[in-house]
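Reading through the structure tokens given below for one structure.
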Amino acid sequence: MSDVRKTIEAVWKMESTRLIAAIARVTRDVGIAEELAQDALITALEVWPEEGIPSNPAAWLMTAAKRRAIDSLRRGRMLMQKHEEIARELEWQQQQLSHALDHALDQVIEDDVLRLIFTACHPVLAVEGRIALTLRLIGGLTTAEIARAFLVPEKTLAQRIVRAKKTLTEAHVPFETPRGDELHRRVESVLLVAYLIFNEGYAATSGEEWMRTALCEEALRITRILTQLIPNESEVHALLALMELQASRIAARRGKNGEAILLPDQNRALWDHAQIHRGLHALAQAQKLGGGAKPYALQAAIAACHAQARTAEETDWECIVLLYDALMQIYPSPIVALNRAVAVSMAQGPAAGLEALDAATERSDDSKSKPANNSALSNYHLYPSVRGDFLMKLGRLTEAKEELQRALPLTQNQREQELLKKKLQQLETSSDKTKQDAPDSRS
Amino acid sequence: MRFMMIVIPKGYESAAPGTVPSAEAVAKMMEYNKALQQAGVLLALDGLLPPSTGARVSFDNNGKATVTDGPFAEAKEVIGGYWIIQVRSREEAIEWAKRAPFDETGIIEVRQIQEMSDFPEDVQKAAEGFDQLNNNTR
């Protein structure tokens with residue numbers, strides 16, 4: 001790629017959100033706004049390599065978008081009728097449109113950007129549509145980039161975006177910031193989208209390394225923007241804290257062959273301590289706003305306990321257990337129950353951990369509130385692997401082996417499979433030893 | 001990727017102690033800082049007092065330190081402050097630098113920050129020692 005093209009791409013990523021937001025204020029349709037902005041980009045790609053990058057690229061792109069808007073208005077109208085009256089009306093409309101667009105960019109109020117984010121994350125859209133549209137409209141990513149990040153064919157992703165835009169138009173989703181109770185519900189949807197984007201980058205084990213980092217950074221950037229736009233929503237700060245604290249460990253969680261390195265074994269010097277500092281600051285902000293007991297804040301507080309421990313042994317597991325207790329109250333899920341049991345085992349030993357895990361399984365398997373009991377902890381793939389771990393530590397090796405073997409086919413993730421196989425091997429060697437040393441030590 | 005935008009104000013090498021930017025310059029700068037913040041790219045920023053209040057510590061080939069108080073007669077360019085930004089490309093960092101509210105009296109040097117993961121394994125191991133050092137001094 002030429003240098004000019006790279007610069008244009010950078011300028012586009014910087015300007016596209018505000019440009020689309022400003023146009024959408026006039027057109028009231030995000031899909032049309034994005035097409036006009038895209039047209040402006042195409043013009044820039046033709047003109048800038050010849051004439052150089054303009055000193056105010058945002059204004060330049062807006063002017064180009066405005067020309068396209070007037071062109072399409074004229075074309076649409078001319079086809080209908082060539083009556084003189086229509087022509088006069090058209091001229092008036094053109095002036096209005098031109099005037100409105102001229103002013104839109106001068107006074108892009110940050111509210112426009114916020115409206116754009118809320119629209120892209122609207123609950124009327126399927127979650128995957130929200131994610132794609134957000135990366136496209138707020139992240140300035142190309143369809144090809146998003147497709148690569150989510151390992152789907154470019155065509156599929158392009159269709160996903162077209163469908164999402166069509167749904168917004170058909171549902172007459174207004175280009176506005178929700179108010180009152182609606183605001184909280186909509187903020188939740190925006191935060192969910194941001195966190196899903198983050199996790200796609202953080203948890204994925206396939207795909208290109210740079211893309212995974214890019215997704216995490218993009219989610220962080222969107223959430224930082226939100227802390228500026230809706231500074232009084234405590235969970236926005238809490239989610240930022242959670243992401244900063246998790247992302248601070250990125251450099252430490254993979255070995256040189258890409259193998260997963262678990263928290264206790266990580267080289268903590270590789271943690272990004274400036275990022276931890278930012279995470280703690282954001283968490284303090286959430287707590288100051290009175291949101292310390294909300295779901296993202298509790299998860300961030302747990303991440304903070306880990307981040308503040310200089311060695312794995314220094315981890316304040318008692319505190320983590322209390323935070324998981326609170327999280328179970330408001331946000332019960334199999335993964336929370338499982339993590340709580342792990343924390344209990346670290347704080348009070350493997351026997352207590354096993355007890356907590358088995359108690360949680362009974363609770364979750366007994367609850368018949370959900371028709372298909374998919375939320376049951378025992379169906380969760382990490383469950384047998386953690387239970388096996390506890391049993392191993394308790395010296396109940398035969399049972400441990402059974403659990404680990406049960407876990408093996410439940411995960412498709414190659415790295416997790418490797419970890420499990422490694423543990424099973426350890427079990428083989430230690431049970432051989434046990435047989436030799438003390439044949440009846442199992443009792 | 002993270003970049004440091006290093007500010008090199010002309011004449012700052014000989015600025016008197018207590019030299020501060022004008023209210024007008026600060027107002028423009030705040031507007032720029034706000035733009036960085038609203039774009040979600042700003043991680044950190046600081047301004048530095050003039051070198052006349054600072055000191056340079058240099059070493060001879062035996063590692064013996066010599067302290068020279070500022071201002072530093074031989075210095076042609078000194079740092080006045082910095083921003084740390086997280087952006088998607090080197091080009092984006094340069095674009096941000098181009099938008100700083102400066103005139104002919106200021107230069108911005110754009111430099112990418114080295115990530116720990118860029119270091120080879122042996123260097124990472126050495127850093128692990130640093131962590132333990134931290135524990136010992138607590």
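By convention in this document, the chains of the structure tokens carry letters A, B, ... by their order, each chain's residues are numbered from 1, and ligands are numbered from 1 in the order they are shown.
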
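Near chain B, counting only C-alpha atoms at 8 Å, the chain A residues are Lys6, Thr7, Ala10, Val11, Met14, Ala214, Glu217, Leu220, Arg221, Ile222, Thr223, Arg224, Ile225, Gln228, Leu229, Ala251, Asn267, Arg268, Ala269, Leu270 and Arg310 of chain A.
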
Exercise. Which residues come within 8 Å of A:Phe175, counting only C-alpha atoms, excluding same-chain residues fewer than 2 positions away, as a PyMOL selection string?
Worked result: chain A and resi 24-25+28-30+115-116+119+173+177

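The residue that comes closest to A:Glu15, out of B:Leu49, B:Val67, B:Ala35, B:Ala100 and on the basis of only C-alpha atoms, is B:Ala35.
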
Exercise. What lies within 9 Å of B:Pro9 using only C-alpha atoms, ignoring chain neighbours under 2 positions off, as a ChimeraX atom specification?
Worked result: /B:7,11-13,77-81,105-108

N, CA and C atoms of the current selection, written as a PDB file, in the first residue's frame:
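The result, stored in out26.pdb:
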ATOM      1  N   VAL B   7       6.954  16.564  22.620  1.00  0.00           N
ATOM      2  CA  VAL B   7       6.959  17.981  22.247  1.00  0.00           C
ATOM      3  C   VAL B   7       8.354  18.562  22.460  1.00  0.00           C
ATOM      4  N   GLY B  11      13.627  26.937  21.812  1.00  0.00           N
ATOM      5  CA  GLY B  11      14.042  27.905  22.835  1.00  0.00           C
ATOM      6  C   GLY B  11      13.826  27.422  24.260  1.00  0.00           C
ATOM      7  N   TYR B  12      13.169  26.269  24.412  1.00  0.00           N
ATOM      8  CA  TYR B  12      12.892  25.786  25.774  1.00  0.00           C
ATOM      9  C   TYR B  12      14.175  25.408  26.494  1.00  0.00           C
ATOM     10  N   GLU B  13      15.244  25.103  25.677  1.00  0.00           N
ATOM     11  CA  GLU B  13      16.519  24.718  26.288  1.00  0.00           C
ATOM     12  C   GLU B  13      17.095  25.841  27.146  1.00  0.00           C
ATOM     13  N   GLU B  77      17.965  20.762  21.483  1.00  0.00           N
ATOM     14  CA  GLU B  77      16.542  20.418  21.547  1.00  0.00           C
ATOM     15  C   GLU B  77      16.268  19.763  22.890  1.00  0.00           C
ATOM     16  N   VAL B  78      15.236  20.218  23.565  1.00  0.00           N
ATOM     17  CA  VAL B  78      14.861  19.559  24.815  1.00  0.00           C
ATOM     18  C   VAL B  78      13.365  19.243  24.794  1.00  0.00           C
ATOM     19  N   ILE B  79      12.983  18.312  25.661  1.00  0.00           N
ATOM     20  CA  ILE B  79      11.589  17.873  25.703  1.00  0.00           C
ATOM     21  C   ILE B  79      10.778  18.810  26.584  1.00  0.00           C
ATOM     22  N   GLY B  80       9.596  19.190  26.096  1.00  0.00           N
ATOM     23  CA  GLY B  80       8.717  20.070  26.870  1.00  0.00           C
ATOM     24  C   GLY B  80       7.513  19.334  27.439  1.00  0.00           C
ATOM     25  N   GLY B  81       7.246  18.163  26.899  1.00  0.00           N
ATOM     26  CA  GLY B  81       6.088  17.395  27.372  1.00  0.00           C
ATOM     27  C   GLY B  81       5.803  16.263  26.411  1.00  0.00           C
ATOM     28  N   THR B 105       7.293  27.489  16.468  1.00  0.00           N
ATOM     29  CA  THR B 105       8.109  27.344  17.679  1.00  0.00           C
ATOM     30  C   THR B 105       8.005  25.950  18.311  1.00  0.00           C
ATOM     31  N   GLY B 106       7.337  25.051  17.643  1.00  0.00           N
ATOM     32  CA  GLY B 106       7.205  23.725  18.242  1.00  0.00           C
ATOM     33  C   GLY B 106       7.396  22.595  17.250  1.00  0.00           C
ATOM     34  N   ILE B 107       8.025  21.522  17.709  1.00  0.00           N
ATOM     35  CA  ILE B 107       8.195  20.312  16.891  1.00  0.00           C
ATOM     36  C   ILE B 107       7.582  19.160  17.687  1.00  0.00           C
ATOM     37  N   ILE B 108       6.976  18.216  16.962  1.00  0.00           N
ATOM     38  CA  ILE B 108       6.521  17.000  17.647  1.00  0.00           C
ATOM     39  C   ILE B 108       7.232  15.806  17.031  1.00  0.00           C
TER      40      ILE B 108
END

Problem set entry | Distance query stretch 377-388 of chain A at most 8 Å, only C-alpha atoms, self and fewer than 4 positions along chain excluded, as number ranges by chain | A: 334-335, 337-338, 342, 354, 357, 360-361, 364-365, 392, 399-404, 406-407, 410-411, 420

Let me see the file: selected residues, N, CA and C atoms, as a PDB file, in the first residue's frame.
ATOM      1  N   PRO A 334     -23.432 -20.136  35.262  1.00  0.00           N
ATOM      2  CA  PRO A 334     -22.539 -21.276  35.514  1.00  0.00           C
ATOM      3  C   PRO A 334     -21.081 -20.840  35.649  1.00  0.00           C
ATOM      4  N   ILE A 335     -20.667 -19.900  34.819  1.00  0.00           N
ATOM      5  CA  ILE A 335     -19.248 -19.525  34.850  1.00  0.00           C
ATOM      6  C   ILE A 335     -18.907 -18.793  36.141  1.00  0.00           C
ATOM      7  N   ALA A 337     -20.454 -19.293  39.044  1.00  0.00           N
ATOM      8  CA  ALA A 337     -20.456 -20.329  40.084  1.00  0.00           C
ATOM      9  C   ALA A 337     -19.142 -21.117  40.064  1.00  0.00           C
ATOM     10  N   LEU A 338     -18.694 -21.426  38.866  1.00  0.00           N
ATOM     11  CA  LEU A 338     -17.458 -22.189  38.710  1.00  0.00           C
ATOM     12  C   LEU A 338     -16.258 -21.388  39.224  1.00  0.00           C
ATOM     13  N   VAL A 342     -13.572 -22.055  42.342  1.00  0.00           N
ATOM     14  CA  VAL A 342     -12.109 -22.014  42.217  1.00  0.00           C
ATOM     15  C   VAL A 342     -11.537 -21.071  43.283  1.00  0.00           C
ATOM     16  N   LEU A 354     -14.369 -28.101  46.294  1.00  0.00           N
ATOM     17  CA  LEU A 354     -15.194 -29.192  45.764  1.00  0.00           C
ATOM     18  C   LEU A 354     -16.612 -29.101  46.321  1.00  0.00           C
ATOM     19  N   LEU A 357     -18.429 -26.304  44.648  1.00  0.00           N
ATOM     20  CA  LEU A 357     -18.757 -26.671  43.268  1.00  0.00           C
ATOM     21  C   LEU A 357     -19.952 -27.620  43.238  1.00  0.00           C
ATOM     22  N   ALA A 360     -23.153 -25.872  44.116  1.00  0.00           N
ATOM     23  CA  ALA A 360     -23.614 -25.029  43.005  1.00  0.00           C
ATOM     24  C   ALA A 360     -24.248 -25.882  41.907  1.00  0.00           C
ATOM     25  N   THR A 361     -23.672 -27.072  41.673  1.00  0.00           N
ATOM     26  CA  THR A 361     -24.217 -27.960  40.640  1.00  0.00           C
ATOM     27  C   THR A 361     -25.628 -28.391  41.001  1.00  0.00           C
ATOM     28  N   SER A 364     -27.972 -25.528  40.489  1.00  0.00           N
ATOM     29  CA  SER A 364     -28.241 -25.180  39.093  1.00  0.00           C
ATOM     30  C   SER A 364     -28.976 -26.311  38.372  1.00  0.00           C
ATOM     31  N   ASP A 365     -28.683 -27.576  38.755  1.00  0.00           N
ATOM     32  CA  ASP A 365     -29.363 -28.683  38.087  1.00  0.00           C
ATOM     33  C   ASP A 365     -30.786 -28.870  38.601  1.00  0.00           C
ATOM     34  N   MET A 392      -7.800 -34.078  42.109  1.00  0.00           N
ATOM     35  CA  MET A 392      -6.375 -34.377  41.971  1.00  0.00           C
ATOM     36  C   MET A 392      -5.624 -33.856  43.185  1.00  0.00           C
ATOM     37  N   GLU A 399     -10.966 -40.761  40.549  1.00  0.00           N
ATOM     38  CA  GLU A 399     -12.088 -39.874  40.246  1.00  0.00           C
ATOM     39  C   GLU A 399     -11.618 -38.694  39.399  1.00  0.00           C
ATOM     40  N   ALA A 400     -10.430 -38.177  39.751  1.00  0.00           N
ATOM     41  CA  ALA A 400      -9.870 -37.037  39.020  1.00  0.00           C
ATOM     42  C   ALA A 400      -9.702 -37.389  37.548  1.00  0.00           C
ATOM     43  N   LYS A 401      -9.175 -38.605  37.327  1.00  0.00           N
ATOM     44  CA  LYS A 401      -8.933 -39.067  35.962  1.00  0.00           C
ATOM     45  C   LYS A 401     -10.256 -39.146  35.182  1.00  0.00           C
ATOM     46  N   GLU A 402     -11.279 -39.652  35.857  1.00  0.00           N
ATOM     47  CA  GLU A 402     -12.594 -39.762  35.206  1.00  0.00           C
ATOM     48  C   GLU A 402     -13.099 -38.394  34.750  1.00  0.00           C
ATOM     49  N   GLU A 403     -12.977 -37.418  35.656  1.00  0.00           N
ATOM     50  CA  GLU A 403     -13.466 -36.070  35.335  1.00  0.00           C
ATOM     51  C   GLU A 403     -12.694 -35.459  34.172  1.00  0.00           C
ATOM     52  N   LEU A 404     -11.374 -35.600  34.224  1.00  0.00           N
ATOM     53  CA  LEU A 404     -10.550 -34.997  33.169  1.00  0.00           C
ATOM     54  C   LEU A 404     -10.838 -35.654  31.827  1.00  0.00           C
ATOM     55  N   ARG A 406     -13.648 -36.926  30.995  1.00  0.00           N
ATOM     56  CA  ARG A 406     -14.973 -36.447  30.606  1.00  0.00           C
ATOM     57  C   ARG A 406     -14.861 -35.042  29.970  1.00  0.00           C
ATOM     58  N   ALA A 407     -13.919 -34.265  30.478  1.00  0.00           N
ATOM     59  CA  ALA A 407     -13.759 -32.875  30.002  1.00  0.00           C
ATOM     60  C   ALA A 407     -13.194 -32.834  28.584  1.00  0.00           C
ATOM     61  N   LEU A 410     -15.338 -32.382  25.567  1.00  0.00           N
ATOM     62  CA  LEU A 410     -16.285 -31.271  25.687  1.00  0.00           C
ATOM     63  C   LEU A 410     -15.735 -29.948  25.142  1.00  0.00           C
ATOM     64  N   THR A 411     -14.433 -29.870  24.967  1.00  0.00           N
ATOM     65  CA  THR A 411     -13.881 -28.628  24.432  1.00  0.00           C
ATOM     66  C   THR A 411     -13.315 -28.843  23.035  1.00  0.00           C
ATOM     67  N   LEU A 420      -5.401 -30.265  29.275  1.00  0.00           N
ATOM     68  CA  LEU A 420      -6.046 -31.417  29.904  1.00  0.00           C
ATOM     69  C   LEU A 420      -5.194 -32.677  29.757  1.00  0.00           C
TER      70      LEU A 420
END

Exercise. Any idea what's packed within 12 Å of stretch 163-171 of chain A, counting only C-alpha atoms, ignoring anything in its chain fewer than 5 positions away? Could you give it as a ChimeraX atom specification?
Worked result: /A:27-35,116,118-134,136-137,156-158

For this session: Name all residues at most 10 Å from A:Ala304 (count only C-alpha atoms; drop same-chain ones fewer than 2 positions away) and give them as JSON, numbers by chain.
Result: {"A": [241, 242, 244, 245, 246, 276, 277, 279, 280, 283, 298, 299, 300, 301, 302, 306, 307, 308, 309, 320]}

When you look at A:Glu154 with a cut-off of 10 Å (counting only C-alpha atoms), what residues show up, excluding the ones that are within fewer than 6 positions of it in the same chain? I need them as a tab-separated table (two decimals) with N, CA and C atoms, in the first residue's frame.
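Listing of part.tsv after writing:
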chain	number	residue	atom	x	y	z
A	142	THR	N	-13.12	-1.89	7.71
A	142	THR	CA	-13.72	-2.30	6.46
A	142	THR	C	-14.42	-3.64	6.66
A	143	THR	N	-15.32	-3.94	5.73
A	143	THR	CA	-16.03	-5.23	5.79
A	143	THR	C	-15.02	-6.38	5.80
A	144	ALA	N	-13.97	-6.26	4.99
A	144	ALA	CA	-12.96	-7.31	4.92
A	144	ALA	C	-12.27	-7.49	6.27
A	145	GLU	N	-11.96	-6.38	6.93
A	145	GLU	CA	-11.28	-6.46	8.24
A	145	GLU	C	-12.18	-7.14	9.28
A	146	ILE	N	-13.46	-6.76	9.29
A	146	ILE	CA	-14.38	-7.36	10.27
A	146	ILE	C	-14.54	-8.85	9.98
A	147	ALA	N	-14.65	-9.19	8.70
A	147	ALA	CA	-14.82	-10.59	8.31
A	147	ALA	C	-13.62	-11.41	8.79
A	148	ARG	N	-12.43	-10.86	8.62
A	148	ARG	CA	-11.22	-11.57	9.05
A	148	ARG	C	-11.20	-11.75	10.56
A	160	ARG	N	-24.59	-9.30	6.36
A	160	ARG	CA	-24.98	-9.03	7.73
A	160	ARG	C	-25.16	-7.52	7.94

For this session: Go through stretch 108-153 of chain A and collect every residue that DSSP, computed from the backbone, puts in alpha helix (DSSP H); the answer should be as a list in words.
Result: Glu110, Asp111, Asp112, Val113, Leu114, Arg115, Leu116, Ile117, Phe118, Thr119, Ala120, Val127, Glu128, Gly129, Arg130, Ile131, Ala132, Leu133, Thr134, Leu135, Arg136, Leu137, Thr143, Ala144, Glu145, Ile146, Ala147, Arg148 and Ala149 of chain A

Exercise. Atom CA of B:Ala55 and atom CA of B:Asp69, how far apart in Å?
Worked result: 4.3 Å

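Atom pair atom CA of A:Pro295 / atom CA of A:Tyr331: separated by 6.6 Å.
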
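Using only C-alpha atoms, the smallest distance between any of A:Leu240, A:Ala204, A:Leu97, A:Ala341 and A:Tyr324 comes from A:Ala341.
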
Problem set entry | Using only C-alpha atoms: which of B:Gly70, B:Glu31, B:Ser58, B:Lys64 has the shortest distance to B:Ala15 | B:Gly70

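Nearest to A:Gly291 of all the residues A:Val236, A:Val47, A:Ala356, A:Ala64 is A:Val236, based on only C-alpha atoms.
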